[in-house]
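Trainee: What follows is the file work_19.txt, containing compact mmCIF, C-alpha atoms and all ligand atoms:
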# COMPACT_ATOMS: atom_id res chain seq x y z
CA MET A 669 19.17 15.14 -22.54
CA ASN A 670 21.60 12.65 -20.98
CA GLN A 671 21.19 9.50 -23.09
CA ASP A 672 22.54 7.29 -20.28
CA GLN A 673 19.78 8.25 -17.87
CA PRO A 674 16.24 6.98 -18.35
CA PHE A 675 13.41 9.34 -19.21
CA GLY A 676 10.26 9.20 -17.07
CA VAL A 677 6.59 9.45 -17.92
CA TYR A 678 3.69 9.64 -15.48
CA GLY A 679 0.32 8.54 -16.81
CA LEU A 680 -0.83 8.56 -20.42
CA PRO A 681 -0.20 11.99 -21.93
CA SER A 682 -1.84 12.50 -25.32
CA ALA A 683 0.65 11.95 -28.17
CA GLU A 684 -1.04 14.86 -29.95
CA LEU A 685 0.04 17.22 -27.19
CA VAL A 686 3.51 16.08 -26.18
CA ASP A 687 6.30 13.74 -27.33
CA VAL A 688 7.40 11.02 -24.96
CA PRO A 689 10.68 9.33 -25.94
CA ALA A 690 10.42 5.62 -26.79
CA GLY A 691 11.44 3.49 -23.83
CA ALA A 692 10.41 6.07 -21.23
CA VAL A 693 9.93 4.55 -17.77
CA GLN A 694 6.28 4.57 -16.66
CA LEU A 695 5.83 5.87 -13.10
CA SER A 696 2.06 6.00 -12.64
CA PRO A 697 0.56 3.99 -9.76
CA LEU A 698 -2.36 3.26 -12.10
CA SER A 699 -0.17 1.18 -14.45
CA PRO A 700 0.37 -2.23 -12.82
CA GLY A 701 4.04 -3.14 -12.88
CA ALA A 702 5.23 0.47 -13.30
CA ALA A 703 8.15 1.77 -11.26
CA ALA A 704 7.23 3.64 -8.06
CA LEU A 705 8.06 7.37 -7.94
CA GLU A 706 9.09 6.88 -4.31
CA GLU A 707 11.71 4.28 -5.19
CA VAL A 708 13.51 6.07 -8.04
CA ALA A 709 16.88 7.56 -7.05
CA PRO A 710 17.00 11.38 -6.83
CA GLY A 711 18.45 13.02 -9.95
CA SER A 712 18.43 9.77 -11.92
CA LEU A 713 15.94 10.70 -14.69
CA SER A 714 17.05 12.73 -17.72
CA GLY A 715 13.63 14.39 -17.99
CA MET A 716 9.94 13.74 -17.42
CA VAL A 717 6.51 14.17 -18.96
CA VAL A 718 3.71 14.24 -16.39
CA ALA A 719 0.04 13.85 -17.25
CA ALA A 720 -0.87 15.64 -14.04
CA PRO A 721 -3.68 14.14 -11.93
CA PRO A 722 -6.73 16.19 -10.92
CA GLY A 723 -6.48 16.22 -7.09
CA THR A 724 -4.44 19.15 -5.74
CA LEU A 725 -2.43 17.26 -3.11
CA GLU A 726 -1.85 14.37 -5.52
CA ARG A 727 -0.77 16.68 -8.35
CA ARG A 728 1.65 18.72 -6.21
CA TYR A 729 3.06 15.43 -4.88
CA VAL A 730 3.72 14.12 -8.39
CA LEU A 731 5.25 17.40 -9.60
CA ALA A 732 7.50 17.56 -6.52
CA GLN A 733 8.58 13.94 -7.00
CA ALA A 734 9.30 14.65 -10.68
CA LEU A 735 11.57 17.56 -9.73
CA ARG A 736 13.26 15.40 -7.08
CA LEU A 737 14.01 12.68 -9.62
CA MET A 738 15.69 14.95 -12.21
CA PRO A 739 19.09 16.70 -12.07
CA PRO A 740 19.28 20.52 -12.36
CA ALA A 741 18.32 21.85 -15.84
CA ALA A 742 16.52 18.63 -16.88
CA ARG A 743 13.28 19.30 -18.78
CA LEU A 744 9.86 18.69 -17.22
CA VAL A 745 6.64 18.93 -19.22
CA ALA A 746 3.42 18.76 -17.19
CA LEU A 747 0.00 18.89 -18.75
CA ALA A 748 -3.62 18.56 -17.69
CA PRO A 749 -7.09 19.52 -18.86
CA LYS A 750 -7.77 23.11 -17.86
CA ASP A 751 -10.72 22.19 -15.61
CA LYS A 752 -8.87 19.25 -14.02
CA GLY A 753 -5.91 21.07 -12.52
CA GLY A 754 -4.39 22.40 -15.75
CA SER A 755 -5.20 25.99 -14.92
CA ARG A 756 -3.24 25.66 -11.65
CA LEU A 757 -0.15 23.91 -12.99
CA ARG A 758 1.83 27.05 -13.73
CA LYS A 759 1.43 28.54 -10.25
CA GLU A 760 2.17 25.20 -8.63
CA LEU A 761 5.43 24.83 -10.56
CA GLU A 762 6.38 28.45 -9.87
CA ALA A 763 5.88 27.79 -6.16
CA PHE A 764 8.63 25.16 -6.48
CA GLY A 765 10.92 27.86 -7.95
CA CYS A 766 10.45 26.89 -11.61
CA LEU A 767 10.45 29.29 -14.56
CA VAL A 768 7.48 28.11 -16.61
CA HIS A 769 6.61 28.38 -20.28
CA GLU A 770 2.87 27.72 -20.65
CA THR A 771 1.00 26.82 -23.83
CA GLY A 772 -2.21 25.00 -24.67
CA GLY A 773 -5.56 25.34 -26.28
CA ARG A 774 -8.98 25.99 -24.87
CA HIS A 775 -9.13 22.77 -22.89
CA GLN A 776 -5.52 21.84 -22.06
CA ARG A 777 -2.64 23.55 -20.32
CA ILE A 778 0.91 22.45 -21.06
CA CYS A 779 3.69 23.74 -18.81
CA GLU A 780 7.32 23.31 -19.68
CA THR A 781 10.14 24.03 -17.27
CA ARG A 782 13.73 23.16 -16.38
CA ARG A 783 14.48 21.75 -12.97
CA PRO A 784 15.88 24.62 -10.89
CA GLU A 785 19.25 24.27 -9.17
CA ALA A 786 17.54 24.45 -5.75
CA PRO A 787 13.77 23.93 -5.94
CA THR A 788 11.74 25.00 -2.92
CA GLY A 789 8.94 23.24 -1.04
CA LEU A 790 9.44 19.75 -2.49
CA ASP A 791 9.60 17.98 0.86
CA GLU A 792 6.43 19.66 2.12
CA ALA A 793 4.49 18.71 -1.02
CA ILE A 794 5.78 15.14 -0.81
CA VAL A 795 4.70 14.81 2.81
CA ALA A 796 1.29 16.45 2.16
CA GLY A 797 0.54 14.13 -0.77
CA GLY A 798 2.10 10.97 0.62
CA PRO A 799 0.73 7.97 2.51
CA ARG A 800 -0.48 8.58 6.04
CA LEU A 801 -2.54 7.13 8.86
CA GLU A 802 -5.73 9.22 8.96
CA PRO A 803 -6.93 9.21 12.59
CA GLU A 804 -10.53 10.14 11.73
CA LEU A 805 -10.83 7.23 9.32
CA GLY A 806 -8.72 4.91 11.41
CA LEU A 807 -7.12 3.86 8.12
CA TRP A 808 -3.91 4.21 6.16
CA THR A 809 -4.67 6.32 3.14
CA TRP A 810 -3.01 8.22 0.29
CA PRO A 811 -4.31 11.32 -1.55
CA GLY A 812 -5.43 10.30 -5.02
CA VAL A 813 -6.85 6.94 -3.99
CA PHE A 814 -10.64 6.63 -4.31
CA SER A 815 -12.38 8.26 -1.33
CA TRP A 816 -9.03 8.70 0.43
CA ASP A 817 -10.30 11.16 3.08
CA ARG A 818 -13.81 9.86 3.88
CA LEU A 819 -15.71 6.62 3.92
CA ASP A 820 -17.66 6.14 0.70
CA PRO A 821 -21.40 6.02 1.60
CA GLY A 822 -21.96 3.31 -1.02
CA SER A 823 -19.39 1.06 0.63
CA VAL A 824 -20.94 1.72 4.05
CA GLN A 825 -24.34 0.72 2.66
CA LEU A 826 -22.91 -2.51 1.25
CA ILE A 827 -21.20 -3.36 4.56
CA GLN A 828 -24.50 -2.86 6.39
CA ALA A 829 -26.26 -5.21 3.97
CA LEU A 830 -23.66 -8.01 3.99
CA PRO A 831 -24.89 -11.39 5.23
CA PRO A 832 -22.70 -14.03 6.87
CA LEU A 833 -20.12 -15.08 4.26
CA ALA A 834 -17.95 -18.16 4.19
CA GLY A 835 -15.11 -19.72 2.22
CA ARG A 836 -12.92 -18.10 -0.43
CA GLY A 837 -13.71 -14.70 -1.88
CA ALA A 838 -12.44 -11.59 -3.62
CA ASP A 839 -12.85 -7.84 -3.24
CA LEU A 840 -12.55 -6.40 -6.77
CA GLY A 841 -11.43 -2.77 -6.71
CA CYS A 842 -10.57 -3.01 -3.01
CA GLY A 843 -9.43 0.61 -2.54
CA LEU A 844 -8.17 1.18 1.00
CA GLY A 845 -9.65 -2.18 2.04
CA VAL A 846 -12.80 -0.95 3.78
CA LEU A 847 -15.04 -3.76 2.47
CA SER A 848 -12.31 -6.35 3.00
CA LYS A 849 -11.91 -5.39 6.65
CA ALA A 850 -15.63 -5.99 7.21
CA VAL A 851 -15.56 -9.29 5.29
CA LEU A 852 -12.51 -10.62 7.13
CA ALA A 853 -14.16 -9.81 10.48
CA GLN A 854 -16.18 -12.96 9.72
CA PRO A 855 -14.14 -15.96 10.90
CA THR A 856 -15.94 -18.23 8.39
CA VAL A 857 -14.13 -16.45 5.54
CA THR A 858 -11.04 -18.53 4.80
CA ALA A 859 -9.32 -16.44 2.10
CA LEU A 860 -9.83 -13.08 0.43
CA ALA A 861 -8.07 -11.67 -2.66
CA LEU A 862 -7.89 -7.87 -2.61
CA VAL A 863 -7.40 -6.46 -6.12
CA ASP A 864 -6.92 -2.85 -7.23
CA LEU A 865 -5.46 -1.03 -10.22
CA ASP A 866 -4.01 1.66 -7.97
CA ARG A 867 -0.72 0.70 -6.31
CA ARG A 868 -1.29 3.30 -3.59
CA ALA A 869 -4.60 1.65 -2.71
CA VAL A 870 -3.01 -1.79 -2.55
CA GLU A 871 -0.19 -0.48 -0.33
CA ALA A 872 -2.71 1.18 2.01
CA ALA A 873 -4.90 -1.95 2.03
CA ARG A 874 -1.90 -4.09 3.05
CA ARG A 875 -1.57 -1.93 6.14
CA ASN A 876 -5.31 -1.69 6.81
CA VAL A 877 -5.97 -5.40 6.45
CA PRO A 878 -3.04 -7.13 8.17
CA ASN A 879 -4.62 -10.55 7.99
CA PRO A 880 -3.00 -13.85 6.96
CA ARG A 881 -6.19 -14.79 5.08
CA ALA A 882 -5.76 -11.74 2.79
CA THR A 883 -3.73 -11.64 -0.44
CA PHE A 884 -3.01 -8.40 -2.30
CA HIS A 885 -2.90 -7.89 -6.05
CA TRP A 886 -1.91 -4.74 -7.94
CA ALA A 887 -3.76 -5.57 -11.13
CA ASP A 888 -6.52 -4.76 -13.58
CA ALA A 889 -9.28 -6.82 -11.98
CA ARG A 890 -10.96 -7.34 -15.35
CA VAL A 891 -8.20 -9.75 -16.30
CA GLU A 892 -5.89 -10.41 -13.32
CA PRO A 893 -5.16 -12.22 -11.04
CA PRO A 894 -6.42 -15.69 -11.96
CA LEU A 895 -9.55 -16.29 -9.83
CA GLU A 896 -11.89 -19.26 -10.04
CA GLY A 897 -14.27 -21.36 -7.99
CA LEU A 898 -14.82 -18.56 -5.46
CA ASP A 899 -17.63 -18.75 -2.93
CA PHE A 900 -18.26 -15.01 -2.97
CA VAL A 901 -17.21 -11.68 -4.47
CA VAL A 902 -17.80 -8.25 -2.91
CA MET A 903 -17.34 -5.03 -4.82
CA ASN A 904 -18.07 -1.36 -5.21
CA PRO A 905 -16.97 -1.23 -8.84
CA PRO A 906 -15.41 1.83 -10.44
CA PHE A 907 -17.28 3.73 -13.08
CA HIS A 908 -14.60 6.22 -14.03
CA ASP A 909 -11.64 5.44 -16.23
CA ARG A 910 -8.95 8.13 -15.85
CA GLY A 911 -11.52 10.77 -14.99
CA ALA A 912 -14.23 9.99 -17.56
CA GLU A 913 -17.44 8.11 -16.71
CA ASP A 914 -17.30 4.62 -18.17
CA LYS A 915 -20.27 2.33 -17.50
CA ALA A 916 -18.54 -0.49 -19.36
CA LEU A 917 -15.95 -0.70 -16.58
CA GLY A 918 -18.53 -1.70 -13.94
CA GLN A 919 -20.12 -4.12 -16.40
CA ALA A 920 -16.72 -5.71 -17.02
CA PHE A 921 -16.28 -6.11 -13.24
CA ILE A 922 -19.63 -7.94 -13.10
CA ARG A 923 -18.50 -10.28 -15.90
CA ARG A 924 -15.21 -10.91 -14.07
CA ALA A 925 -17.08 -11.66 -10.83
CA ALA A 926 -19.37 -14.13 -12.62
CA GLN A 927 -16.39 -15.87 -14.18
CA ALA A 928 -14.54 -16.07 -10.83
CA LEU A 929 -17.46 -17.56 -8.86
CA ARG A 930 -18.36 -21.26 -8.53
CA LYS A 931 -21.89 -22.36 -9.39
CA GLY A 932 -24.02 -21.21 -6.46
CA GLY A 933 -21.43 -18.60 -5.49
CA VAL A 934 -22.67 -15.13 -4.64
CA LEU A 935 -21.82 -11.59 -5.68
CA TRP A 936 -22.58 -8.69 -3.35
CA MET A 937 -22.17 -5.31 -4.97
CA VAL A 938 -23.14 -1.68 -4.54
CA ALA A 939 -23.56 0.82 -7.35
CA ASN A 940 -24.82 4.32 -7.92
CA ARG A 941 -28.53 4.14 -8.69
CA HIS A 942 -28.20 5.59 -12.18
CA LEU A 943 -25.80 2.95 -13.44
CA PRO A 944 -27.18 0.36 -15.88
CA TYR A 945 -26.07 -2.94 -14.34
CA GLU A 946 -29.34 -4.95 -14.14
CA ALA A 947 -29.17 -6.32 -17.70
CA VAL A 948 -25.66 -7.69 -17.36
CA LEU A 949 -26.41 -9.07 -13.87
CA THR A 950 -29.53 -10.93 -15.00
CA SER A 951 -27.79 -12.28 -18.10
CA LEU A 952 -24.97 -13.86 -16.03
CA PHE A 953 -26.59 -14.86 -12.72
CA ARG A 954 -29.47 -17.24 -11.93
CA GLN A 955 -30.93 -15.02 -9.21
CA VAL A 956 -30.54 -11.27 -8.83
CA ALA A 957 -32.09 -9.42 -5.89
CA LEU A 958 -32.06 -5.75 -5.02
CA LYS A 959 -31.27 -5.91 -1.30
CA SER A 960 -31.25 -2.23 -0.38
CA GLU A 961 -31.77 1.11 -2.02
CA GLY A 962 -31.27 4.64 -0.72
CA GLY A 963 -28.92 7.59 -0.61
CA GLY A 964 -28.43 7.26 -4.36
CA PHE A 965 -27.12 3.66 -4.13
CA LYS A 966 -28.38 0.17 -4.83
CA VAL A 967 -27.06 -3.02 -3.24
CA TYR A 968 -27.48 -6.26 -5.22
CA GLU A 969 -27.09 -9.88 -4.32
CA ALA A 970 -26.55 -12.04 -7.41
CA ARG A 971 -26.27 -15.83 -7.22
CA LYS A 972 -24.57 -17.76 -10.01
C1 LIG B 1001 -15.63 2.80 -6.15
S1 LIG B 1001 -13.99 2.43 -5.67
C2 LIG B 1001 -14.25 1.27 -4.33
C3 LIG B 1001 -13.08 1.18 -3.40
C4 LIG B 1001 -13.29 0.32 -2.15
N1 LIG B 1001 -13.78 -1.00 -2.46
C5 LIG B 1001 -14.23 0.98 -1.19
O1 LIG B 1001 -15.29 0.43 -1.01
O2 LIG B 1001 -13.90 2.03 -0.63
C6 LIG B 1001 -13.42 1.45 -6.99
C7 LIG B 1001 -11.96 1.02 -6.92
O3 LIG B 1001 -11.66 0.30 -8.12
C8 LIG B 1001 -10.33 0.60 -8.51
N2 LIG B 1001 -10.21 0.32 -9.94
C9 LIG B 1001 -10.52 1.10 -11.00
N3 LIG B 1001 -10.31 0.45 -12.16
C10 LIG B 1001 -9.87 -0.78 -11.82
C11 LIG B 1001 -9.46 -1.94 -12.54
N4 LIG B 1001 -9.53 -1.96 -13.87
N5 LIG B 1001 -9.05 -3.02 -11.86
C12 LIG B 1001 -8.99 -3.01 -10.50
N6 LIG B 1001 -9.35 -1.96 -9.75
C13 LIG B 1001 -9.79 -0.87 -10.40
C14 LIG B 1001 -10.13 2.06 -8.12
O4 LIG B 1001 -8.76 2.33 -7.96
C15 LIG B 1001 -10.92 2.14 -6.81
O5 LIG B 1001 -10.09 1.87 -5.71
If you convert what's in this file into structure tokens, what do you get?
Ligand SMILES: C[S@@+](CC[C@H](N)C(=O)[O-])C[C@H]1O[C@@H](n2cnc3c(N)ncnc32)[C@H](O)[C@@H]1O

Mentor:
Amino acid sequence: MNQDQPFGVYGLPSAELVDVPAGAVQLSPLSPGAAALEEVAPGSLSGMVVAAPPGTLERRYVLAQALRLMPPAARLVALAPKDKGGSRLRKELEAFGCLVHETGGRHQRICETRRPEAPTGLDEAIVAGGPRLEPELGLWTWPGVFSWDRLDPGSVQLIQALPPLAGRGADLGCGLGVLSKAVLAQPTVTALALVDLDRRAVEAARRNVPNPRATFHWADARVEPPLEGLDFVVMNPPFHDRGAEDKALGQAFIRRAAQALRKGGVLWMVANRHLPYEAVLTSLFRQVALKSEGGGFKVYEARK
């Protein structure tokens, strides 16, 4: 390993499965403040560990970028749960011309390789998994972002239920900016903060919502950016944290919305019907109303 060149890590690989050198540069778009894969100079990393993401286009994109960023013979370790892309890692790396040594237990696959002198197919994988304008959606999108290739029916249901809104608001977990576009179509909205943990989503939203009333924040909406005295919040909160269902995440979004709103301010949110949000809503808001239900979703209006 060349000590002068930084080592890269993508995501949060389990320390029980693989060693990541101290000081490794984080490159995941889900880690606010991390370096962007796209902006690292080719051949500039001494090696990489990649906790490979589950989506095929996204995973091949990340593996191709990793190979682009390392010089020949540098070591790449890629790992993933077997049922979330791990069982395909070896073939995917071999398609790039890599010789792969594969290990792992019942649930995980760990593939180790050296960057070939002349890998094949990197550019194609980078184009296929990169940002693009999707004509059918009429939106900029990026494989790996939530609902990147179709409109989420929950978000559509929330948009249909939205009343006239006015003043300053936020879209927590804005994704590609679908809700924000609908909100900013109302001229009475004076400012809207779009917040998402995924840099790719924020970059797509910037293009999808080119509006001087919009501000964009790559951040964990549970704690950042500072938001207070808002007139309204809209959201379709996440309920998965790195692949695993996590009801506490949506509940934390509700707490953040309550904290960000002024007295009398209103939260409009949609959630899958099975998620347990009523108790936290009624504990933090004066009035909670179920405004629509169907297709497996519920839309709530909650007034502080
Ligand atoms: C259900 S999606 C909704 C996306 C978008 N609002 C829409 O309607 O299409 C939830 C979004 O929350 C984002 N997210 C997940 N955890 C987050 C966090 N801690 N802070 C901010 N955004 C988060 C995800 O990246 C995803 O874009």

Trainee: Grab me every residue within 8 Å of ligand LIG 1001 (chain B), counting only C-alpha atoms and all ligand atoms, and send it over as a PyMOL selection string.

Mentor: chain A and resi 698+813-815+819-820+822-824+839-848+863-866+869+886-890+903-909+917+921

Trainee: Quick one: contact table of segment 757-837 of chain A to segment 929-952 of chain A, 12 Å max, nearest atom pair and distance in Å to one decimal per residue, counting only C-alpha atoms, chain and number order, as a tab-separated table?

Mentor:
residue	atom	partner	partner_atom	distance
A:Asp820	CA	A:Val938	CA	10.9
A:Pro821	CA	A:Val938	CA	10.0
A:Gly822	CA	A:Val938	CA	6.2
A:Ser823	CA	A:Val938	CA	6.9
A:Val824	CA	A:Val938	CA	9.5
A:Gln825	CA	A:Val938	CA	7.7
A:Leu826	CA	A:Val938	CA	5.9
A:Ile827	CA	A:Val938	CA	9.5
A:Gln828	CA	A:Val938	CA	11.1
A:Ala829	CA	A:Trp936	CA	8.9
A:Leu830	CA	A:Trp936	CA	7.5
A:Pro831	CA	A:Trp936	CA	9.3
A:Pro832	CA	A:Trp936	CA	11.5
A:Leu833	CA	A:Val934	CA	9.3
A:Ala834	CA	A:Gly933	CA	10.3
A:Gly835	CA	A:Gly933	CA	10.0
A:Arg836	CA	A:Leu929	CA	9.6
A:Gly837	CA	A:Leu929	CA	8.4

Trainee: Hey, can you check how far atom CA of Lys966 of chain A sits from atom CA of Lys849 of chain A?

Mentor: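 Pair atom CA of Lys966 of chain A / atom CA of Lys849 of chain A returns 20.8 Å.
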
Trainee: Neighbours of Ala763 of chain A within 8 Å (all atoms listed in the file; same-chain residues fewer than 3 positions away dropped), as a PyMOL selection string?

Mentor: chain A and resi 759-760+766+788-789

Trainee: What's around Asn876 of chain A at 9 Å? Count only C-alpha atoms, leave out sequence neighbours fewer than 2 positions away in its own chain, and write the answer as a list in words.

Mentor: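 My reading of the contact set: Gly806, Leu807, Trp808, Thr809, Leu844, Gly845, Val846, Lys849, Glu871, Ala872, Ala873, Arg874, Pro878 and Asn879 of chain A.
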
Trainee: May I have the protein, DNA and RNA residues with an atom at most 7 Å from (5.7, 6.0, -13.8), counting all atoms listed in the file in the file's coordinates, returned as a PyMOL selection string?

Mentor: chain A and resi 676-679+693-697+702-705

Trainee: Using all atoms listed in the file, pick whichever of A:Ala957, A:Leu680, A:Ile794, A:Cys779 has the shortest atom-to-atom distance to Arg736 of chain A.

Mentor: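 When distances to Arg736 of chain A are compared using all atoms listed in the file, the smallest one comes from A:Ile794.
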
Trainee: Between A:Val870, A:Ile778, A:Ala748, A:Leu862, which has the minimum distance to Pro700 of chain A (counting only C-alpha atoms)?

Mentor: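 Selected residue with least distance to Pro700 of chain A: A:Val870.
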
Trainee: Would you mind telling me which residue in A:Leu744, A:Ala850, A:Ala926, A:Leu790 lies nearest to Val717 of chain A when using all atoms listed in the file?

Mentor: A:Leu744

Trainee: So what do you get for atom CA of Ser712 of chain A versus atom CA of Ala690 of chain A, distance-wise?

Mentor: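 Between atom CA of Ser712 of chain A and atom CA of Ala690 of chain A the gap is 17.4 Å.
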
Trainee: Please measure the separation of atom CA of Ala916 of chain A and atom CA of Lys752 of chain A, giving the value in Å to one decimal.

Mentor: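 About the pair atom CA of Ala916 of chain A and atom CA of Lys752 of chain A: they are 22.6 Å apart.
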
Trainee: Taking all atoms listed in the file into account, which of A:Arg818, A:Leu685, A:Leu757, A:Gln927 comes nearest Leu805 of chain A?

Mentor: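 Ranked by minimum distance to Leu805 of chain A, first place goes to A:Arg818.
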
Trainee: Centre and edge lengths, as lines of an AutoDock Vina configuration file, for the axis-aligned box enclosing every listed atom of segment 796-814 of chain A with 6 Å of padding on each of the six sides, in Å to one decimal?

Mentor:
center_x = -4.4
center_y = 10.2
center_z = 3.8
size_x = 24.9
size_y = 24.6
size_z = 29.6

Trainee: Choose the residue, out of A:Pro799, A:Gly962, A:Gly701, A:Gly897, that has the smallest atom-to-atom separation from Arg868 of chain A; count only C-alpha atoms.

Mentor: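 Smallest separation from Arg868 of chain A among the options: A:Pro799.
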
Trainee: Please determine the residues with any atom at most 12 Å from (10.3, 30.3, -12.5) (coordinates as given in the file, with all atoms listed in the file counting) and report them as a list in words.

Mentor: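 The distance filter leaves exactly Arg758, Lys759, Glu760, Leu761, Glu762, Ala763, Phe764, Gly765, Cys766, Leu767, Val768, His769, Glu770, Cys779, Glu780, Thr781, Arg782, Arg783, Pro784, Glu785, Ala786, Pro787 and Thr788 of chain A.
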
Trainee: At a cut-off of 8 Å, using all atoms listed in the file, what residues contact Leu731 of chain A? Leave out same-chain residues fewer than 6 positions from it and give the result as a ChimeraX atom specification.

Mentor: /A:718,720,746,761

Trainee: If you keep C-alpha atoms, can you produce a file of those selected residues as a PDB file, keeping the file's coordinate frame?

Mentor:
ATOM      1  CA  VAL A 718       3.710  14.240 -16.390  1.00  0.00           C
ATOM      2  CA  ALA A 720      -0.870  15.640 -14.040  1.00  0.00           C
ATOM      3  CA  ALA A 746       3.420  18.760 -17.190  1.00  0.00           C
ATOM      4  CA  LEU A 761       5.430  24.830 -10.560  1.00  0.00           C
TER       5      LEU A 761
END

Trainee: Pick out the closest residue to Pro893 of chain A from this set: A:Ser960, A:Glu913, A:Arg881, A:Arg924. Count all atoms listed in the file.

Mentor: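 Result for the nearest residue to Pro893 of chain A: A:Arg924.
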